[in-house]
file upload_14.cif (mmCIF, C-alpha atoms)
data_protein
#
loop_
_atom_site.label_atom_id
_atom_site.label_comp_id
_atom_site.auth_asym_id
_atom_site.auth_seq_id
_atom_site.Cartn_x
_atom_site.Cartn_y
_atom_site.Cartn_z
CA MET E 1 -92.05 140.50 -105.50
CA SER E 2 -90.67 137.02 -105.32
CA ASN E 3 -92.65 134.46 -103.35
CA ASP E 4 -89.54 132.37 -102.79
CA LYS E 5 -88.81 131.74 -99.15
CA LYS E 6 -85.45 130.97 -97.66
CA ILE E 7 -85.67 127.77 -95.70
CA THR E 8 -83.04 127.08 -93.09
CA VAL E 9 -82.56 123.40 -92.31
CA ASN E 10 -80.73 122.61 -89.12
CA ILE E 11 -79.20 119.16 -89.47
CA SER E 12 -78.07 117.83 -86.13
CA PRO E 13 -75.10 115.47 -86.09
CA GLN E 14 -76.23 111.87 -86.15
CA ASP E 15 -75.13 109.21 -83.70
CA ALA E 16 -71.66 107.76 -84.07
CA PRO E 17 -71.58 105.13 -86.86
CA CYS E 18 -70.97 102.15 -84.57
CA LYS E 19 -73.47 103.11 -81.86
CA GLY E 20 -75.39 100.06 -80.67
CA VAL E 21 -72.56 97.64 -81.45
CA ARG E 22 -71.27 95.82 -78.37
CA VAL E 23 -67.60 94.82 -78.48
CA ILE E 24 -66.02 92.55 -75.90
CA GLU E 25 -62.27 93.04 -76.00
CA PHE E 26 -60.35 90.07 -74.66
CA ALA E 27 -56.93 91.44 -75.59
CA SER E 28 -53.78 92.97 -74.16
CA MET E 29 -50.75 95.04 -75.15
CA VAL E 30 -51.18 96.98 -78.44
CA SER E 31 -52.74 95.20 -81.42
CA GLY E 32 -56.08 94.12 -79.97
CA PRO E 33 -56.62 97.13 -77.69
CA PHE E 34 -55.85 99.67 -80.44
CA ALA E 35 -58.50 97.99 -82.62
CA GLY E 36 -60.97 98.14 -79.73
CA GLN E 37 -60.22 101.80 -79.16
CA MET E 38 -60.92 102.69 -82.79
CA LEU E 39 -64.31 100.97 -82.60
CA GLY E 40 -65.02 102.71 -79.29
CA ASP E 41 -64.16 106.07 -80.85
CA MET E 42 -66.76 105.33 -83.53
CA GLY E 43 -69.45 104.76 -80.93
CA ALA E 44 -69.30 101.05 -80.10
CA GLU E 45 -69.70 99.98 -76.50
CA VAL E 46 -66.35 98.33 -75.70
CA ILE E 47 -65.99 96.19 -72.59
CA LYS E 48 -62.40 95.21 -71.89
CA ILE E 49 -61.97 91.92 -70.03
CA GLU E 50 -58.75 91.88 -68.03
CA MET E 51 -57.15 89.30 -65.81
CA PRO E 52 -57.02 90.25 -62.10
CA GLU E 53 -53.41 91.43 -62.58
CA GLY E 54 -54.47 93.61 -65.51
CA ASP E 55 -53.22 94.18 -69.06
CA ALA E 56 -49.41 93.97 -69.09
CA LEU E 57 -49.30 97.36 -70.81
CA ARG E 58 -50.47 98.92 -67.53
CA LEU E 59 -47.00 98.22 -66.11
CA VAL E 60 -45.09 100.29 -68.69
CA HIS E 61 -43.65 103.69 -67.71
CA PRO E 62 -44.02 106.67 -67.69
CA GLN E 63 -47.01 106.64 -65.36
CA GLU E 64 -49.15 109.19 -63.57
CA LYS E 65 -50.58 107.97 -60.26
CA GLY E 66 -50.45 104.38 -61.47
CA LEU E 67 -51.86 104.98 -64.95
CA ALA E 68 -49.43 104.18 -67.80
CA ALA E 69 -49.13 106.64 -70.69
CA PHE E 70 -48.89 103.92 -73.35
CA PHE E 71 -51.97 102.18 -71.93
CA VAL E 72 -53.88 105.47 -72.16
CA SER E 73 -52.96 105.76 -75.85
CA VAL E 74 -54.78 102.56 -76.90
CA ASN E 75 -57.55 102.08 -74.33
CA ARG E 76 -59.90 105.07 -74.21
CA ASN E 77 -63.66 104.71 -74.64
CA LYS E 78 -63.77 101.35 -72.84
CA LYS E 79 -65.16 99.80 -69.70
CA SER E 80 -62.84 97.52 -67.72
CA ILE E 81 -63.93 94.39 -65.89
CA ALA E 82 -61.36 92.19 -64.13
CA ILE E 83 -62.23 88.47 -64.25
CA ASN E 84 -60.34 85.44 -62.93
CA LEU E 85 -60.62 82.81 -65.68
CA LYS E 86 -59.15 80.17 -63.39
CA ASP E 87 -62.29 80.44 -61.28
CA PRO E 88 -65.33 78.55 -62.68
CA GLU E 89 -67.69 81.41 -61.88
CA GLY E 90 -65.29 83.89 -63.42
CA LYS E 91 -65.11 81.85 -66.62
CA ALA E 92 -68.92 81.62 -66.68
CA ILE E 93 -69.14 85.42 -66.45
CA ALA E 94 -66.68 85.79 -69.32
CA ARG E 95 -68.73 83.40 -71.43
CA LYS E 96 -71.94 85.29 -70.65
CA LEU E 97 -70.29 88.53 -71.72
CA LEU E 98 -68.95 87.06 -74.95
CA LEU E 99 -72.39 85.68 -75.80
CA SER E 100 -73.86 89.17 -75.36
CA ALA E 101 -71.48 90.66 -77.92
CA ASP E 102 -71.81 91.73 -81.52
CA VAL E 103 -68.03 91.58 -81.81
CA VAL E 104 -65.33 89.77 -79.83
CA ILE E 105 -61.70 90.89 -80.18
CA GLU E 106 -58.97 88.59 -78.89
CA ASN E 107 -55.23 88.42 -79.46
CA PHE E 108 -54.12 85.26 -77.68
CA ARG E 109 -52.10 82.57 -79.39
CA PRO E 110 -54.19 80.23 -81.58
CA ASP E 111 -56.27 77.70 -79.60
CA VAL E 112 -55.96 79.52 -76.24
CA MET E 113 -59.57 80.71 -76.35
CA LYS E 114 -60.67 77.28 -77.59
CA LYS E 115 -58.98 75.59 -74.62
CA LEU E 116 -60.85 77.98 -72.33
CA GLY E 117 -64.12 76.97 -73.96
CA LEU E 118 -64.48 80.50 -75.31
CA GLY E 119 -63.57 79.96 -78.96
CA TYR E 120 -65.74 80.85 -81.94
CA ASP E 121 -67.10 77.33 -82.36
CA ASP E 122 -68.05 77.31 -78.66
CA LEU E 123 -70.06 80.52 -78.98
CA LYS E 124 -71.56 80.65 -82.46
CA VAL E 125 -74.26 78.05 -81.77
CA GLU E 126 -75.78 80.28 -79.07
CA ASN E 127 -74.87 83.55 -80.82
CA PRO E 128 -74.88 82.93 -84.59
CA ALA E 129 -74.67 86.69 -85.25
CA LEU E 130 -71.30 86.96 -83.50
CA ILE E 131 -68.31 88.53 -85.28
CA TYR E 132 -65.31 86.80 -83.69
CA ALA E 133 -62.17 88.80 -84.52
CA SER E 134 -58.73 87.41 -83.74
CA ILE E 135 -55.22 88.80 -84.03
CA CYS E 136 -52.34 86.34 -83.87
CA GLY E 137 -48.64 86.51 -84.59
CA TYR E 138 -47.91 84.31 -87.58
CA GLY E 139 -51.25 82.75 -88.52
CA THR E 140 -53.82 80.36 -87.09
CA SER E 141 -51.98 77.36 -88.56
CA GLY E 142 -48.61 76.54 -90.06
CA PRO E 143 -45.11 75.93 -88.69
CA TYR E 144 -44.94 79.18 -86.68
CA ALA E 145 -48.54 79.30 -85.43
CA ASN E 146 -47.70 78.78 -81.76
CA ARG E 147 -44.62 80.96 -81.59
CA PRO E 148 -44.83 84.10 -79.44
CA ALA E 149 -44.83 87.25 -81.57
CA TYR E 150 -44.14 90.92 -81.04
CA ASP E 151 -43.32 93.79 -83.36
CA GLN E 152 -39.65 92.97 -82.78
CA THR E 153 -40.15 89.45 -84.19
CA ILE E 154 -42.35 90.41 -87.15
CA GLN E 155 -40.26 93.22 -88.62
CA PRO E 156 -37.14 91.06 -89.10
CA ILE E 157 -38.93 88.12 -90.70
CA CYS E 158 -40.67 90.28 -93.34
CA GLY E 159 -37.43 91.54 -94.91
CA VAL E 160 -38.04 95.18 -94.06
CA MET E 161 -35.03 95.56 -91.77
CA GLU E 162 -32.56 94.36 -94.38
CA ASN E 163 -34.18 96.65 -96.93
CA LEU E 164 -33.89 99.68 -94.64
CA ALA E 165 -30.26 98.88 -93.93
CA GLU E 166 -29.49 98.71 -97.65
CA ILE E 167 -31.24 102.01 -98.34
CA GLY E 168 -29.57 103.75 -95.41
CA LYS E 169 -26.18 102.17 -96.05
CA HIS E 170 -26.02 100.67 -92.56
CA ASP E 171 -23.79 97.77 -91.65
CA LYS E 172 -26.51 95.84 -89.79
CA PRO E 173 -30.28 95.38 -90.25
CA LEU E 174 -32.26 98.48 -89.32
CA PRO E 175 -35.69 98.26 -87.63
CA ILE E 176 -38.47 100.82 -87.73
CA ARG E 177 -38.46 101.98 -84.12
CA ASN E 178 -42.22 102.09 -83.86
CA TYR E 179 -44.84 99.39 -83.24
CA MET E 180 -45.82 99.30 -86.92
CA ALA E 181 -46.65 95.59 -87.08
CA ASP E 182 -49.05 95.79 -84.14
CA LYS E 183 -50.84 98.92 -85.32
CA SER E 184 -51.09 97.82 -88.95
CA ALA E 185 -52.74 94.63 -87.68
CA SER E 186 -55.13 96.72 -85.55
CA MET E 187 -56.25 98.80 -88.51
CA THR E 188 -56.54 95.74 -90.73
CA LEU E 189 -58.69 94.00 -88.12
CA VAL E 190 -61.01 97.00 -87.79
CA ASN E 191 -61.49 96.96 -91.58
CA GLY E 192 -62.34 93.26 -91.37
CA ILE E 193 -64.75 93.76 -88.47
CA LEU E 194 -66.63 96.57 -90.23
CA ALA E 195 -66.82 94.48 -93.41
CA ALA E 196 -68.15 91.52 -91.41
CA LEU E 197 -70.78 93.72 -89.73
CA PHE E 198 -71.83 95.00 -93.15
CA SER E 199 -71.97 91.44 -94.46
CA ARG E 200 -74.13 90.44 -91.48
CA GLU E 201 -76.63 93.13 -92.40
CA ARG E 202 -76.85 91.76 -95.93
CA ASN E 203 -76.95 88.01 -95.26
CA GLY E 204 -79.77 87.84 -92.75
CA GLY E 205 -77.78 88.26 -89.55
CA THR E 206 -75.13 85.55 -89.67
CA GLY E 207 -71.78 86.43 -88.17
CA GLN E 208 -68.40 84.96 -88.94
CA GLN E 209 -64.81 84.64 -87.79
CA VAL E 210 -62.32 87.31 -88.83
CA SER E 211 -58.62 86.58 -88.47
CA VAL E 212 -55.57 88.80 -88.97
CA SER E 213 -51.93 87.92 -88.32
CA LEU E 214 -49.20 90.42 -87.58
CA LEU E 215 -47.15 88.73 -90.29
CA ASP E 216 -49.76 89.19 -93.02
CA ALA E 217 -50.91 92.66 -91.99
CA PHE E 218 -47.44 94.11 -91.69
CA SER E 219 -46.32 92.52 -94.96
CA ALA E 220 -49.33 94.03 -96.76
CA PHE E 221 -48.55 97.41 -95.20
CA ALA E 222 -44.76 97.53 -95.37
CA LEU E 223 -43.77 95.60 -98.51
CA VAL E 224 -45.79 97.51 -101.10
CA ASP E 225 -42.80 99.64 -102.12
CA PRO E 226 -39.73 97.58 -101.06
CA MET E 227 -40.79 94.53 -103.10
CA LYS E 228 -40.56 96.37 -106.42
CA ASN E 229 -37.59 94.26 -107.54
CA SER E 230 -39.52 91.10 -106.65
CA THR E 231 -42.77 91.91 -108.43
CA PHE E 232 -41.86 90.64 -111.89
CA GLN E 233 -40.59 87.12 -111.42
CA ARG E 234 -39.40 86.57 -114.99
CA GLU E 235 -35.69 85.81 -115.20
CA GLY E 236 -33.85 88.89 -116.46
CA ALA E 237 -36.60 91.34 -115.39
CA GLU E 238 -35.37 94.88 -114.76
CA GLN E 239 -33.88 95.55 -111.33
CA ILE E 240 -33.11 98.96 -109.87
CA PRO E 241 -30.87 99.95 -106.98
CA GLU E 242 -32.48 100.86 -103.67
CA LEU E 243 -33.22 104.58 -103.62
CA ASP E 244 -33.13 106.60 -100.42
CA LEU E 245 -35.96 109.08 -100.93
CA PHE E 246 -35.91 110.32 -97.36
CA GLN E 247 -33.30 113.07 -97.21
CA PRO E 248 -33.56 115.57 -94.35
CA ILE E 249 -31.30 118.58 -94.96
CA LYS E 250 -30.03 121.23 -92.56
CA THR E 251 -31.16 124.80 -92.22
CA SER E 252 -29.51 127.41 -90.02
CA ASP E 253 -31.62 126.30 -87.05
CA GLY E 254 -32.99 122.85 -87.83
CA TYR E 255 -33.94 120.50 -90.65
CA VAL E 256 -36.45 120.25 -93.48
CA MET E 257 -37.44 117.35 -95.70
CA GLY E 258 -39.46 117.07 -98.87
CA MET E 259 -40.18 115.15 -102.04
CA LEU E 260 -39.73 116.27 -105.65
CA MET E 261 -41.42 114.61 -108.61
CA MET E 262 -42.41 117.36 -111.04
CA ASP E 263 -40.05 119.61 -113.03
CA ALA E 264 -41.82 122.68 -111.64
CA GLN E 265 -41.12 121.53 -108.08
CA PHE E 266 -37.42 121.14 -108.87
CA LYS E 267 -37.29 124.60 -110.40
CA GLY E 268 -39.07 126.03 -107.36
CA LEU E 269 -36.59 124.41 -104.96
CA CYS E 270 -33.65 125.72 -107.00
CA LYS E 271 -35.10 129.20 -106.61
CA ILE E 272 -35.66 128.81 -102.87
CA CYS E 273 -32.09 127.58 -102.34
CA ASP E 274 -30.53 130.11 -104.74
CA ARG E 275 -29.25 127.20 -106.82
CA GLU E 276 -30.53 128.03 -110.31
CA ASP E 277 -27.17 126.79 -111.55
CA LEU E 278 -28.49 123.25 -111.00
CA LEU E 279 -31.18 123.69 -113.65
CA GLY E 280 -28.63 122.71 -116.29
CA ASP E 281 -27.11 119.81 -114.34
CA GLU E 282 -27.56 116.62 -116.37
CA ARG E 283 -28.15 114.58 -113.22
CA PHE E 284 -31.35 116.46 -112.44
CA GLN E 285 -33.02 116.98 -115.82
CA THR E 286 -35.91 114.49 -115.48
CA SER E 287 -37.92 113.05 -112.64
CA TRP E 288 -36.19 109.67 -112.94
CA SER E 289 -32.71 111.12 -113.20
CA ARG E 290 -33.37 113.18 -110.09
CA LEU E 291 -34.56 110.09 -108.21
CA THR E 292 -31.44 108.16 -109.17
CA HIS E 293 -29.30 111.06 -107.92
CA TYR E 294 -31.57 112.01 -105.05
CA GLU E 295 -28.96 112.17 -102.30
CA ALA E 296 -26.63 114.30 -104.41
CA MET E 297 -29.48 116.66 -105.33
CA TRP E 298 -30.43 117.32 -101.71
CA GLN E 299 -26.80 117.76 -100.71
CA GLU E 300 -26.55 120.51 -103.32
CA MET E 301 -29.78 122.11 -102.07
CA GLU E 302 -28.52 122.03 -98.50
CA LYS E 303 -25.83 124.55 -99.44
CA GLY E 304 -28.67 127.04 -99.88
CA THR E 305 -30.87 126.04 -96.94
CA LEU E 306 -27.95 126.29 -94.50
CA LYS E 307 -28.07 130.06 -94.97
CA GLN E 308 -31.75 130.30 -94.05
CA THR E 309 -33.99 129.53 -91.10
CA THR E 310 -36.38 126.59 -91.19
CA LYS E 311 -39.34 128.97 -91.10
CA SER E 312 -38.04 130.94 -94.07
CA VAL E 313 -37.38 127.81 -96.16
CA VAL E 314 -40.81 126.32 -95.41
CA GLU E 315 -42.65 129.57 -96.17
CA LYS E 316 -40.81 129.97 -99.47
CA ALA E 317 -41.56 126.33 -100.32
CA ALA E 318 -45.29 126.89 -99.74
CA ALA E 319 -45.22 130.03 -101.90
CA ASN E 320 -43.53 128.13 -104.73
CA ASN E 321 -45.71 124.98 -104.43
CA VAL E 322 -42.76 122.84 -103.36
CA PRO E 323 -43.68 119.92 -101.03
CA LEU E 324 -41.43 120.54 -98.05
CA SER E 325 -41.97 120.40 -94.28
CA PRO E 326 -40.00 121.20 -91.15
CA VAL E 327 -38.55 118.27 -89.22
CA ASN E 328 -40.43 118.86 -85.98
CA THR E 329 -39.93 117.52 -82.53
CA ILE E 330 -43.08 116.05 -81.02
CA GLN E 331 -43.58 119.24 -79.00
CA GLN E 332 -43.15 121.37 -82.13
CA PHE E 333 -45.81 119.23 -83.81
CA PHE E 334 -48.19 119.94 -80.94
CA ASP E 335 -47.55 123.65 -81.58
CA ASP E 336 -48.13 123.28 -85.32
CA PRO E 337 -51.09 125.39 -86.55
CA GLN E 338 -52.36 122.72 -88.97
CA ALA E 339 -52.32 120.03 -86.27
CA LYS E 340 -54.24 122.37 -83.98
CA HIS E 341 -56.70 123.27 -86.74
CA ASN E 342 -57.34 119.59 -87.56
CA GLY E 343 -57.77 118.64 -83.92
CA THR E 344 -55.13 115.97 -84.50
CA PHE E 345 -54.67 115.81 -80.74
CA PHE E 346 -56.77 116.90 -77.79
CA ASP E 347 -56.42 117.45 -74.05
CA ILE E 348 -58.71 116.22 -71.29
CA GLU E 349 -58.74 117.78 -67.83
CA HIS E 350 -59.03 114.85 -65.44
CA PRO E 351 -59.66 115.27 -61.68
CA VAL E 352 -57.06 112.61 -60.79
CA TYR E 353 -54.47 112.69 -63.59
CA GLY E 354 -54.53 116.36 -64.55
CA THR E 355 -54.18 117.30 -68.22
CA VAL E 356 -54.10 114.16 -70.36
CA ARG E 357 -53.12 114.57 -74.02
CA GLN E 358 -54.21 112.04 -76.66
CA ILE E 359 -54.14 111.63 -80.43
CA ASN E 360 -57.59 112.03 -81.94
CA HIS E 361 -59.45 109.50 -84.06
CA PRO E 362 -58.24 110.25 -87.61
CA THR E 363 -61.49 109.77 -89.56
CA LYS E 364 -63.78 112.77 -90.09
CA PHE E 365 -67.49 112.23 -90.81
CA SER E 366 -69.77 114.87 -92.30
CA GLU E 367 -72.86 113.74 -90.35
CA SER E 368 -71.84 111.29 -87.64
CA ARG E 369 -70.53 112.60 -84.38
CA LEU E 370 -67.65 110.93 -82.56
CA ASP E 371 -67.08 111.35 -78.84
CA VAL E 372 -63.50 110.63 -77.81
CA ASN E 373 -63.59 112.74 -74.67
CA SER E 374 -62.49 110.00 -72.29
CA ILE E 375 -59.37 108.31 -71.01
CA ALA E 376 -58.48 104.67 -70.39
CA PRO E 377 -60.22 102.98 -67.44
CA THR E 378 -58.53 101.87 -64.26
CA LEU E 379 -58.32 98.12 -63.74
CA GLY E 380 -61.80 96.76 -62.95
CA GLU E 381 -63.29 100.25 -62.88
CA HIS E 382 -66.57 99.03 -64.38
CA THR E 383 -66.75 95.54 -62.87
CA ASP E 384 -69.81 96.32 -60.75
CA GLU E 385 -71.58 98.16 -63.57
CA VAL E 386 -71.06 95.37 -66.09
CA LEU E 387 -72.03 92.62 -63.65
CA LYS E 388 -75.25 94.42 -62.71
CA GLU E 389 -76.12 94.62 -66.42
CA LEU E 390 -75.72 90.84 -66.49
CA GLY E 391 -78.19 90.45 -63.60
CA PHE E 392 -75.89 90.25 -60.58
CA ASN E 393 -76.85 92.15 -57.41
CA ASP E 394 -74.59 93.76 -54.82
CA GLY E 395 -74.55 90.61 -52.70
CA ASP E 396 -73.60 88.46 -55.69
CA ILE E 397 -70.78 90.82 -56.61
CA ALA E 398 -69.44 90.93 -53.04
CA ARG E 399 -69.43 87.11 -52.91
CA LEU E 400 -67.63 86.91 -56.29
CA ARG E 401 -64.93 89.21 -54.98
CA GLU E 402 -64.55 87.13 -51.83
CA THR E 403 -64.22 83.89 -53.79
CA GLY E 404 -61.85 85.45 -56.33
CA GLY E 405 -64.10 85.24 -59.39
CA VAL E 406 -63.73 88.94 -60.10
CA ARG E 407 -61.64 91.81 -58.86
#

call {"tool": "encode", "arguments": {"input": "upload_14.cif", "output": "structure tokens"}}
result
Amino acid sequence: MSNDKKITVNISPQDAPCKGVRVIEFASMVSGPFAGQMLGDMGAEVIKIEMPEGDALRLVHPQEKGLAAFFVSVNRNKKSIAINLKDPEGKAIARKLLLSADVVIENFRPDVMKKLGLGYDDLKVENPALIYASICGYGTSGPYANRPAYDQTIQPICGVMENLAEIGKHDKPLPIRNYMADKSASMTLVNGILAALFSRERNGGTGQQVSVSLLDAFSAFALVDPMKNSTFQREGAEQIPELDLFQPIKTSDGYVMGMLMMDAQFKGLCKICDREDLLGDERFQTSWSRLTHYEAMWQEMEKGTLKQTTKSVVEKAAANNVPLSPVNTIQQFFDDPQAKHNGTFFDIEHPVYGTVRQINHPTKFSESRLDVNSIAPTLGEHTDEVLKELGFNDGDIARLRETGGVR
């Protein structure tokens, strides 16, 4: 008889990876708040400082009982405190909060925080471990440093719009109708913050300033592929025409879109579309020849998909290892079995706002546990709580409200 014993080890999920990190978010609109939300999802305590009138994103519609949908999308897992920086006591509270932080996130124009006496140099003497993370439009210095910046000003300057117009054969520059510059800056800043926290652990506890501009972040994100003809600067270097590799094609009840690189994938698509006659077409014999005739290839395939439903085409594609997906509406995506399986989105039942749907944090950890089961705070929802943590009593807080220091 074997003496071996089966040992069952129950490993409980560990705390979220950023638990114990205090983040003070002094930011509005999208870029700064989205970065704060990602850190909050990963367990950081995020305190959002707002002006008495609140983050401008709170005013955007649609709304439910005064809470804006877009604001909800980038502000969960935060506490909100409303402070009047024009009031000396309000500014002193803001400074006290910033000095209590591991990380400060701000997205004002360069020098705004410095003029308020809340810049990195103003704080690092008293809090040398501080990670001071800034998002700006064009950079902290240079000819455009003080220009106002939004996604709609960054996309055009980076050359992406002209590139998209050329690919899509449009007569005028074509923007990406999504806040890509803001969100790419958010993700870049989070990477920088986590690296700075890691560096602080290694260097004996010294913090540093981390700066990201929309211009730099979006360029790094968006120009990787469009700048192919600008990579080799030698005169006479090979140039290729712009290739439109995004070709949705019709089915009998919708659209599908895919990407073909391998010969086997092309053969599989020919089979699905009942277009084996294309196997001998000289335009489609190699991966590169297919790419240079991509639009024509998909137009030929569409003659076969038009006779089939989207579901049928997608199922056949999966069976033949052809990378192809349905072109979903947002609601169809929410009904998609893979999105449901992944937990790509989740619903919260809220006593005031009803069912609130949000996109989940995208990173999965094998041991750490994330808790995203919250929605964005109302303006000043946590003012009392945060002030009491700073040592203020009920009488102090009532007086501050009367004098206009806080809301």

call {"tool": "residues_around", "arguments": {"input": "upload_14.cif", "residues": "range 279-284 of chain E", "least_positions_apart": "5", "cutoff": "9 Å", "atoms": "only C-alpha atoms", "output": "PyMOL selection string"}}
result
chain E and resi 266-267+270+289-294+296-297

call {"tool": "write_last_selection", "arguments": {"input": "upload_14.cif", "atoms": "C-alpha atoms", "output": "compact mmCIF listing (two decimals), in the frame of the given file"}}
result
# COMPACT_ATOMS: atom_id res chain seq x y z
CA PHE E 266 -37.42 121.14 -108.87
CA LYS E 267 -37.29 124.60 -110.40
CA CYS E 270 -33.65 125.72 -107.00
CA SER E 289 -32.71 111.12 -113.20
CA ARG E 290 -33.37 113.18 -110.09
CA LEU E 291 -34.56 110.09 -108.21
CA THR E 292 -31.44 108.16 -109.17
CA HIS E 293 -29.30 111.06 -107.92
CA TYR E 294 -31.57 112.01 -105.05
CA ALA E 296 -26.63 114.30 -104.41
CA MET E 297 -29.48 116.66 -105.33

call {"tool": "closest_residue", "arguments": {"input": "upload_14.cif", "among": "E:Ala35, E:Met187, E:Ile375, E:Ile49", "to": "Ala220 in chain E", "atoms": "all atoms listed in the file"}}
result
E:Met187

call {"tool": "residues_near_point", "arguments": {"input": "upload_14.cif", "point": "(-52.8, 105.0, -68.2)", "cutoff": "10 Å", "atoms": "only C-alpha atoms", "output": "list in words"}}
result
Leu57, Arg58, Leu59, Val60, His61, Pro62, Gln63, Glu64, Lys65, Gly66, Leu67, Ala68, Ala69, Phe70, Phe71, Val72, Ser73, Val74, Asn75, Arg76, Tyr353, Val356, Ile375, Ala376, Pro377, Thr378 and Leu379 of chain E

call {"tool": "residues_around", "arguments": {"input": "upload_14.cif", "residues": "Ala149 in chain E", "least_positions_apart": "2", "cutoff": "10 Å", "atoms": "only C-alpha atoms", "output": "count of residues only"}}
result
16

call {"tool": "closest_residue", "arguments": {"input": "upload_14.cif", "among": "E:Pro128, E:Gly254, E:Gly20, E:Gly32", "to": "Gln208 in chain E", "atoms": "only C-alpha atoms"}}
result
E:Pro128

call {"tool": "closest_residue", "arguments": {"input": "upload_14.cif", "among": "E:Arg407, E:Met257, E:Ser134, E:Thr383", "to": "Ala185 in chain E", "atoms": "all atoms listed in the file"}}
result
E:Ser134

call {"tool": "residues_around", "arguments": {"input": "upload_14.cif", "residues": "Glu50 in chain E", "least_positions_apart": "6", "cutoff": "7 Å", "atoms": "only C-alpha atoms", "output": "JSON, numbers by chain"}}
result
{"E": [80, 81, 82, 83]}

call {"tool": "resolve_selection", "arguments": {"input": "upload_14.cif", "expression": "the PyMOL selection byres ((chain E and resi 359) around 8)", "output": "PyMOL selection string"}}
result
chain E and resi 73+344-346+357-358+360-361

call {"tool": "residues_around", "arguments": {"input": "upload_14.cif", "residues": "range 237-241 of chain E", "least_positions_apart": "6", "cutoff": "9 Å", "atoms": "all atoms listed in the file", "output": "PyMOL selection string"}}
result
chain E and resi 167+228-230+292

call {"tool": "closest_atom_pairs", "arguments": {"input": "upload_14.cif", "of": "range 174-263 of chain E", "to": "range 320-338 of chain E", "cutoff": "7 Å", "atoms": "all atoms listed in the file", "output": "CSV"}}
result
residue,atom,partner,partner_atom,distance
E:Tyr255,CA,E:Val327,CA,5.3
E:Val256,CA,E:Pro326,CA,4.4
E:Met257,CA,E:Leu324,CA,5.6
E:Gly258,CA,E:Leu324,CA,4.1
E:Met259,CA,E:Pro323,CA,6.0

call {"tool": "closest_residue", "arguments": {"input": "upload_14.cif", "among": "E:Lys311, E:Lys86, E:Lys79, E:Arg22", "to": "Leu98 in chain E", "atoms": "only C-alpha atoms"}}
result
E:Arg22

call {"tool": "closest_residue", "arguments": {"input": "upload_14.cif", "among": "E:Lys96, E:Ala129, E:Leu194, E:Val103", "to": "Gly117 in chain E", "atoms": "all atoms listed in the file"}}
result
E:Lys96

call {"tool": "residues_around", "arguments": {"input": "upload_14.cif", "residues": "Val21 in chain E", "least_positions_apart": "6", "cutoff": "8 Å", "atoms": "only C-alpha atoms", "output": "PDB file with C-alpha atoms, in the frame of the given file"}}
result
ATOM      1  CA  GLY E  43     -69.450 104.760 -80.930  1.00  0.00           C
ATOM      2  CA  ALA E  44     -69.300 101.050 -80.100  1.00  0.00           C
ATOM      3  CA  GLU E  45     -69.700  99.980 -76.500  1.00  0.00           C
ATOM      4  CA  ALA E 101     -71.480  90.660 -77.920  1.00  0.00           C
ATOM      5  CA  ASP E 102     -71.810  91.730 -81.520  1.00  0.00           C
ATOM      6  CA  VAL E 103     -68.030  91.580 -81.810  1.00  0.00           C
TER       7      VAL E 103
END

call {"tool": "resolve_selection", "arguments": {"input": "upload_14.cif", "expression": "the PyMOL selection byres ((chain E and resi 221) around 10)", "output": "list in words"}}
result
Met180, Ala181, Ser184, Ala185, Thr188, Asp216, Ala217, Phe218, Ser219, Ala220, Ala222, Leu223, Val224 and Asp225 of chain E

call {"tool": "write_last_selection", "arguments": {"input": "upload_14.cif", "atoms": "C-alpha atoms", "output": "compact mmCIF listing (two decimals), in the coordinates of the input"}}
result
# COMPACT_ATOMS: atom_id res chain seq x y z
CA MET E 180 -45.82 99.30 -86.92
CA ALA E 181 -46.65 95.59 -87.08
CA SER E 184 -51.09 97.82 -88.95
CA ALA E 185 -52.74 94.63 -87.68
CA THR E 188 -56.54 95.74 -90.73
CA ASP E 216 -49.76 89.19 -93.02
CA ALA E 217 -50.91 92.66 -91.99
CA PHE E 218 -47.44 94.11 -91.69
CA SER E 219 -46.32 92.52 -94.96
CA ALA E 220 -49.33 94.03 -96.76
CA ALA E 222 -44.76 97.53 -95.37
CA LEU E 223 -43.77 95.60 -98.51
CA VAL E 224 -45.79 97.51 -101.10
CA ASP E 225 -42.80 99.64 -102.12

call {"tool": "atom_distance", "arguments": {"input": "upload_14.cif", "atom1": "CA of Phe198 in chain E", "atom2": "CA of Cys18 in chain E"}}
result
11.2 Å

call {"tool": "atom_distance", "arguments": {"input": "upload_14.cif", "atom1": "CA of Lys183 in chain E", "atom2": "CA of Gly54 in chain E"}}
result
20.8 Å

call {"tool": "atom_distance", "arguments": {"input": "upload_14.cif", "atom1": "CA of Thr363 in chain E", "atom2": "CA of Phe34 in chain E"}}
result
14.7 Å
